[in-house]
$ cat structure25.txt   # compact mmCIF, C-alpha atoms
# COMPACT_ATOMS: atom_id res chain seq x y z
CA MET A 27 -3.94 11.85 6.50
CA THR A 28 -3.01 12.23 10.12
CA ARG A 29 0.41 11.40 11.50
CA THR A 30 1.28 8.23 13.44
CA SER A 31 1.54 10.16 16.73
CA GLU A 32 -2.04 11.36 16.22
CA ILE A 33 -3.17 7.78 15.72
CA GLU A 34 -1.41 6.66 18.87
CA ALA A 35 -3.05 9.54 20.76
CA GLY A 36 -6.46 8.51 19.41
CA ARG A 37 -6.97 11.68 17.38
CA SER A 38 -7.71 10.13 14.02
CA SER A 39 -11.13 10.28 12.45
CA PRO A 40 -12.93 8.87 9.42
CA LYS A 41 -11.85 12.09 7.66
CA SER A 42 -8.38 10.49 7.54
CA VAL A 43 -9.68 7.74 5.27
CA PRO A 44 -9.62 8.24 1.51
CA ALA A 45 -13.01 9.31 0.19
CA ASP A 46 -13.11 6.60 -2.46
CA VAL A 47 -13.44 3.60 -0.13
CA PRO A 48 -15.95 1.48 -2.06
CA LYS A 49 -19.09 1.15 0.04
CA ASP A 50 -20.91 -1.13 -2.38
CA ALA A 51 -18.14 -3.49 -3.52
CA GLY A 52 -19.98 -6.40 -1.93
CA LYS A 53 -22.86 -6.04 -4.39
CA SER A 54 -20.76 -7.24 -7.32
CA THR A 55 -18.66 -9.77 -5.36
CA ASP A 56 -21.27 -11.30 -3.01
CA THR A 57 -19.02 -10.64 0.00
CA ASP A 58 -18.35 -7.79 2.36
CA ARG A 59 -14.97 -9.17 3.48
CA PHE A 60 -11.94 -7.65 1.75
CA ILE A 61 -8.30 -6.92 2.40
CA TYR A 62 -7.79 -3.30 1.49
CA VAL A 63 -4.33 -2.54 0.13
CA LEU A 64 -3.45 1.13 0.19
CA ALA A 65 -0.63 2.15 -2.13
CA VAL A 66 1.18 5.29 -1.00
CA ALA A 67 4.19 7.16 -2.35
CA LYS A 68 6.10 7.07 0.93
CA ILE A 69 5.50 5.81 4.44
CA VAL A 70 6.61 8.27 7.08
CA GLY A 71 7.12 6.51 10.38
CA VAL A 72 5.66 3.08 11.03
CA ARG A 73 2.80 1.59 9.03
CA THR A 74 1.44 -0.82 11.65
CA PRO A 75 -0.33 1.80 13.81
CA TRP A 76 -2.42 2.69 10.74
CA GLU A 77 -3.03 -0.94 9.80
CA HIS A 78 -4.27 -1.82 13.30
CA HIS A 79 -5.95 1.43 14.38
CA ARG A 80 -9.58 0.50 15.11
CA PRO A 81 -11.28 3.74 13.88
CA PHE A 82 -9.24 3.57 10.66
CA ARG A 83 -10.17 -0.08 10.06
CA ASP A 84 -13.81 0.63 10.96
CA ALA A 85 -13.89 3.15 8.13
CA PHE A 86 -13.04 0.21 5.85
CA GLY A 87 -15.92 -1.86 7.20
CA GLY A 88 -13.74 -3.60 9.81
CA ASN A 89 -11.74 -5.28 7.06
CA PRO A 90 -7.95 -5.68 7.26
CA VAL A 91 -5.87 -2.85 5.81
CA THR A 92 -2.36 -3.28 4.41
CA ILE A 93 -0.26 -0.30 3.40
CA ILE A 94 2.45 -0.61 0.76
CA SER A 95 4.80 2.08 -0.46
CA PHE A 96 6.14 2.79 -3.92
CA ARG A 97 9.50 1.52 -2.63
CA ASP A 98 7.85 -1.78 -1.59
CA MET A 99 6.40 -2.16 -5.07
CA ILE A 100 9.68 -1.37 -6.85
CA LEU A 101 11.70 -3.73 -4.62
CA ASP A 102 9.20 -6.54 -5.25
CA ILE A 103 9.38 -6.07 -9.02
CA GLN A 104 13.18 -5.83 -8.84
CA ARG A 105 13.42 -9.11 -6.86
CA GLN A 106 11.37 -10.90 -9.51
CA ALA A 107 13.26 -9.46 -12.49
CA THR A 108 14.69 -11.99 -14.91
CA THR A 109 16.47 -11.70 -18.24
CA THR A 110 13.22 -12.36 -20.11
CA LEU A 111 11.85 -9.15 -21.60
CA ALA A 112 9.40 -7.69 -19.10
CA ALA A 113 5.76 -7.31 -20.06
CA SER A 114 5.38 -3.88 -18.47
CA GLU A 115 7.20 -0.58 -18.91
CA VAL A 116 8.03 -0.50 -15.20
CA GLY A 117 9.42 -4.04 -15.29
CA ARG A 118 11.48 -3.24 -18.38
CA MET A 119 12.81 -0.05 -16.78
CA LEU A 120 13.93 -2.02 -13.72
CA GLN A 121 15.61 -4.59 -15.97
CA LEU A 122 17.52 -1.75 -17.62
CA PHE A 123 18.48 -0.44 -14.16
CA GLN A 124 19.82 -3.89 -13.32
CA VAL A 125 21.85 -4.15 -16.53
CA ALA A 126 23.22 -0.64 -15.95
CA GLY A 127 24.21 -1.52 -12.39
CA ILE A 128 21.63 0.76 -10.78
CA HIS A 129 19.92 -0.90 -7.81
CA VAL A 130 17.20 0.27 -5.48
CA ASP A 131 18.26 -0.85 -2.01
CA ALA A 132 15.95 -1.66 0.85
CA ASP A 133 16.39 0.45 3.97
$ encode --input "structure25.txt" --output "structure tokens"
Amino acid sequence: MTRTSEIEAGRSSPKSVPADVPKDAGKSTDTDRFIYVLAVAKIVGVRTPWEHHRPFRDAFGGNPVTIISFRDMILDIQRQATTTLAASEVGRMLQLFQVAGIHVDAD
């Protein structure tokens, strides 16, 4: 993908968009309106220029795009952790982190 400065300078292209954007998702859902959520390992810089960049959104059919990082996902799971045994391996691992006193901190 291109960098944020390239987006701000208007140098992004549809090549920046992942190749697996579903073009025919509307056939099975009877709608062409979606909120695309892109999960990335790490966000370098600011996510909002990507989420609001018109050529980038046009590549997703003009639909809204939200970008979340692995950190976002882990922090959300960690916030919801309880003492009840988690149903997923990730949830259980975060519960063990909590018990051991290991915490992922937000920036």
$ atom_distance --input "structure25.txt" --atom1 "CA of Ala107 in chain A" --atom2 "CA of Asp131 in chain A"
14.5 Å
$ closest_residue --input "structure25.txt" --among "A:Ile128, A:Ile100, A:Val91, A:Ala85" --to "Ile61 in chain A" --atoms "only C-alpha atoms"
A:Val91
$ atom_distance --input "structure25.txt" --atom1 "CA of Phe96 in chain A" --atom2 "CA of Asp58 in chain A"
27.4 Å
